[in-house]
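Step one of this worksheet: look at the structure below.
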Amino acid sequence: NAPYLLAASLARSTAAEVLASDLSSCLCPAQIKEGTEEPLSIVMYDSVKLARLVFAKLREVCVAWQKEPPALSRQRRSFQISLHAIKNTRRKMEDRHVIFQDLNALFTSEEEEDDQAYFAIFDGHGGVDAAIYAATHLHVSLAREGSFRRDPLEALRRAFCQTDQRFVLKARQENWRCGSTGVVTLIRGNELHVAWLGDSQVILVRKGSPVELMSPHKPDREDEKKRIEALGGCVIWFGAWRVNGTLSVSRAIGDMEHKPYVSCDADCATFPLDGSEDYLLLACDGFYDTVQPDEAARIVGEHLRENDGDPAMLAHRLVASARDAGSSDNITVLVVFLRDARDVM
């Protein structure tokens, strides 16, 4: 429960200490490529041994900082946020979300020219492991991409692909057969960058009206259907349009048994921000399958007027509206205000 800037600085310093350490004692035995005698090119670590090292280094950093506290930079921009997530009637909760109001604090000790904030929702299927992996690793891959500063869209595409490739290796080792959709928003200065796989979505609301930012990856989308069929797959109706009669999304992280029909190639887009924007609404398909963007914007406006601009319980109300409309799926809703919620009323 440490303040965000302190927690981010601790994480950054601890990671630097770990990476500078001798990690040979944490290595897993060499993994062999399937059907060959060649070792895998990727290095794998024993998670328990690595966790022990991380906590030991974190303790060392905390002890050192108690003696001589570091100078922490100030967070230059903060966002009002409302978040709520429920398992609903499903047996397990397979959604995950990520909120970094100051991405710079997590990855660099230097003053960046532009503020950067990162918000994401990942909706797992067939298990939660792919969503957990994406929520843990995608932003790290993004920040380490060489193109991140000059071309954030290219960096987002590469980060999605790298996360998928590494998860598939992990899934093969652990015998996981799951996947995850995902939607990521990166706010850098006066630009909004959006990337997505599958049917988790984000809308932008400007002056009370929703603005479409993306088209979800569904198997019955004409271009997706042609892509799947050109690869030798098929799209079949089985309660919903499904890839090879199984998956109801056509792009995702993981789902190794459905490659290449289920693609990891994220779609990306950039939108200028001029100050007239009210908020972003990120949610999984458990929300957007039953609540349309216009209805969501109406609910937000109504809630803010009834509560004097206080957004604290807003996401709870949006989740309840989806559940009451018939959603039985996991539901996660994240509202990120781009100006004061009292001005949105």
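By order of appearance in the structure tokens: chains A, B, ..., then residues from 1 within every chain, and ligands from 1 in the order shown.
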Per residue of region 26-138 of chain A within 7 Å of region 2-15 of chain A, note the shortest atom pair and the distance in Å to one decimal, counting only C-alpha atoms, and order the rows by chain and increasing residue number, as JSON lines.
```
{"residue": "A:Lys57", "atom": "CA", "partner": "A:Thr14", "partner_atom": "CA", "distance": 5.9}
{"residue": "A:Leu58", "atom": "CA", "partner": "A:Thr14", "partner_atom": "CA", "distance": 5.3}
{"residue": "A:Val61", "atom": "CA", "partner": "A:Thr14", "partner_atom": "CA", "distance": 6.6}
{"residue": "A:Ala105", "atom": "CA", "partner": "A:Ala8", "partner_atom": "CA", "distance": 5.8}
{"residue": "A:Leu106", "atom": "CA", "partner": "A:Ala8", "partner_atom": "CA", "distance": 4.7}
{"residue": "A:Phe107", "atom": "CA", "partner": "A:Arg12", "partner_atom": "CA", "distance": 6.2}
```
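With distances restricted to only C-alpha atoms, A:Met256 is the closest residue to Asn175 (chain A) from A:Glu229, A:His125, A:Met256, A:Leu19.
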Self-check item: Distance query His303 (chain A) at most 12 Å, only C-alpha atoms, self and fewer than 3 positions along chain excluded, as number ranges by chain
Solution: A: 296-300, 306-318, 321, 341-342, 344-345
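Residue neighbourhood of Pro152 (chain A), excluding near-sequence residues (fewer than 6 positions): Leu142, Ala143, Glu145, Gly146, Arg158, Leu186, Arg188, His193, Val194, Cys268, Ala269 and Thr270 of chain A, at 10 Å, using only C-alpha atoms.
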Would you export the selected residues with all heavy atoms as a short mmCIF file (atom, residue, chain, number, x, y, z; two decimals), in the first residue's frame, please?
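Output file selection26.cif is given in full below:
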```
data_model
loop_
_atom_site.label_atom_id
_atom_site.label_comp_id
_atom_site.auth_asym_id
_atom_site.auth_seq_id
_atom_site.Cartn_x
_atom_site.Cartn_y
_atom_site.Cartn_z
N LEU A 142 6.90 -3.38 -23.66
CA LEU A 142 6.64 -2.11 -24.34
C LEU A 142 7.73 -1.08 -24.00
O LEU A 142 8.31 -0.46 -24.89
CB LEU A 142 5.27 -1.58 -23.94
CG LEU A 142 4.89 -0.18 -24.44
CD1 LEU A 142 4.81 -0.16 -25.96
CD2 LEU A 142 3.57 0.27 -23.82
N ALA A 143 7.99 -0.92 -22.72
CA ALA A 143 8.96 0.10 -22.29
C ALA A 143 10.37 -0.21 -22.78
O ALA A 143 11.19 0.70 -22.97
CB ALA A 143 8.94 0.23 -20.77
N GLU A 145 11.09 -1.72 -25.67
CA GLU A 145 11.18 -1.71 -27.12
C GLU A 145 12.01 -0.52 -27.60
O GLU A 145 11.79 0.62 -27.14
CB GLU A 145 9.78 -1.64 -27.75
CG GLU A 145 9.12 -2.98 -27.95
CD GLU A 145 9.86 -3.86 -28.94
OE1 GLU A 145 10.49 -3.33 -29.87
OE2 GLU A 145 9.82 -5.08 -28.77
N GLY A 146 12.92 -0.77 -28.52
CA GLY A 146 13.77 0.30 -29.04
C GLY A 146 12.99 1.41 -29.73
O GLY A 146 13.44 2.56 -29.77
N ARG A 158 4.88 -4.74 -31.38
CA ARG A 158 5.97 -5.65 -31.03
C ARG A 158 5.78 -6.22 -29.62
O ARG A 158 6.06 -7.39 -29.37
CB ARG A 158 7.32 -4.92 -31.14
CG ARG A 158 7.75 -4.61 -32.56
CD ARG A 158 9.05 -3.80 -32.55
NE ARG A 158 9.52 -3.50 -33.89
CZ ARG A 158 10.37 -4.26 -34.57
NH1 ARG A 158 10.83 -5.38 -34.02
NH2 ARG A 158 10.78 -3.92 -35.77
N LEU A 186 -2.26 4.00 -23.99
CA LEU A 186 -1.07 4.73 -23.56
C LEU A 186 -1.31 6.21 -23.82
O LEU A 186 -1.52 6.61 -24.96
CB LEU A 186 0.16 4.25 -24.34
CG LEU A 186 1.45 5.03 -24.11
CD1 LEU A 186 2.00 4.80 -22.70
CD2 LEU A 186 2.51 4.67 -25.16
N ARG A 188 0.35 9.69 -23.83
CA ARG A 188 1.66 10.35 -23.84
C ARG A 188 1.45 11.79 -24.26
O ARG A 188 1.10 12.07 -25.42
CB ARG A 188 2.63 9.66 -24.79
CG ARG A 188 3.96 10.38 -24.92
CD ARG A 188 4.84 9.77 -25.96
NE ARG A 188 5.39 8.49 -25.53
CZ ARG A 188 6.13 7.70 -26.31
NH1 ARG A 188 6.38 8.06 -27.57
NH2 ARG A 188 6.59 6.56 -25.84
N HIS A 193 -2.70 6.60 -27.51
CA HIS A 193 -2.35 5.45 -28.34
C HIS A 193 -3.13 4.24 -27.82
O HIS A 193 -3.13 3.97 -26.61
CB HIS A 193 -0.85 5.19 -28.29
CG HIS A 193 -0.01 6.38 -28.60
ND1 HIS A 193 0.12 6.88 -29.88
CD2 HIS A 193 0.72 7.20 -27.80
CE1 HIS A 193 0.92 7.94 -29.86
NE2 HIS A 193 1.29 8.15 -28.61
N VAL A 194 -3.77 3.53 -28.74
CA VAL A 194 -4.62 2.40 -28.37
C VAL A 194 -4.16 1.17 -29.14
O VAL A 194 -3.86 1.26 -30.35
CB VAL A 194 -6.11 2.69 -28.69
CG1 VAL A 194 -6.98 1.50 -28.31
CG2 VAL A 194 -6.58 3.93 -27.96
N CYS A 268 -3.62 -1.08 -33.92
CA CYS A 268 -3.22 0.09 -33.14
C CYS A 268 -3.71 1.36 -33.80
O CYS A 268 -3.89 1.41 -35.03
CB CYS A 268 -1.70 0.16 -32.99
SG CYS A 268 -0.93 -1.33 -32.31
N ALA A 269 -3.90 2.39 -33.01
CA ALA A 269 -4.33 3.68 -33.54
C ALA A 269 -3.92 4.78 -32.58
O ALA A 269 -3.78 4.56 -31.37
CB ALA A 269 -5.84 3.71 -33.77
N THR A 270 -3.72 5.99 -33.14
CA THR A 270 -3.36 7.16 -32.34
C THR A 270 -4.42 8.24 -32.54
O THR A 270 -4.90 8.46 -33.66
CB THR A 270 -1.98 7.72 -32.77
OG1 THR A 270 -0.98 6.75 -32.48
CG2 THR A 270 -1.66 9.00 -32.01
#
```
Quiz prompt | Contacts of region 117-121 of chain A within 6 Å, only C-alpha atoms, excl. fewer than 6 positions in-chain, as a list in words | solution =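 So, after excluding close chain neighbours, the residues are Arg96, His97, Val98, Ile99, Phe100, Gln101, Asp102, Leu103, Gly182, Val183, Val184, Thr185, Leu186 and Ile187 of chain A.
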Practice problem: Just the strand (DSSP E or B) stuff from region 234-335 of chain A, please, per backbone DSSP, written as a ChimeraX atom specification. | Solution: /A:235-237,241-243,247,251,253-254,263,267-272,277-283,331-335
Exercise. Please give the complete set of residues from region 222-335 of chain A that DSSP, run on the backbone, assigns to helix (DSSP H, G or I), formatted as a PyMOL selection string.
Key: chain A and resi 222-230+256-258+285-288+293-306+314-324
Practice problem: Would you please work out which residue, of A:Ser248, A:Asn1, A:Asn88, A:Ser73, is nearest to Thr108 (chain A) when using only C-alpha atoms? | Solution: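 Going through A:Ser248, A:Asn1, A:Asn88, A:Ser73 one by one, the smallest distance to Thr108 (chain A) is for A:Ser73.
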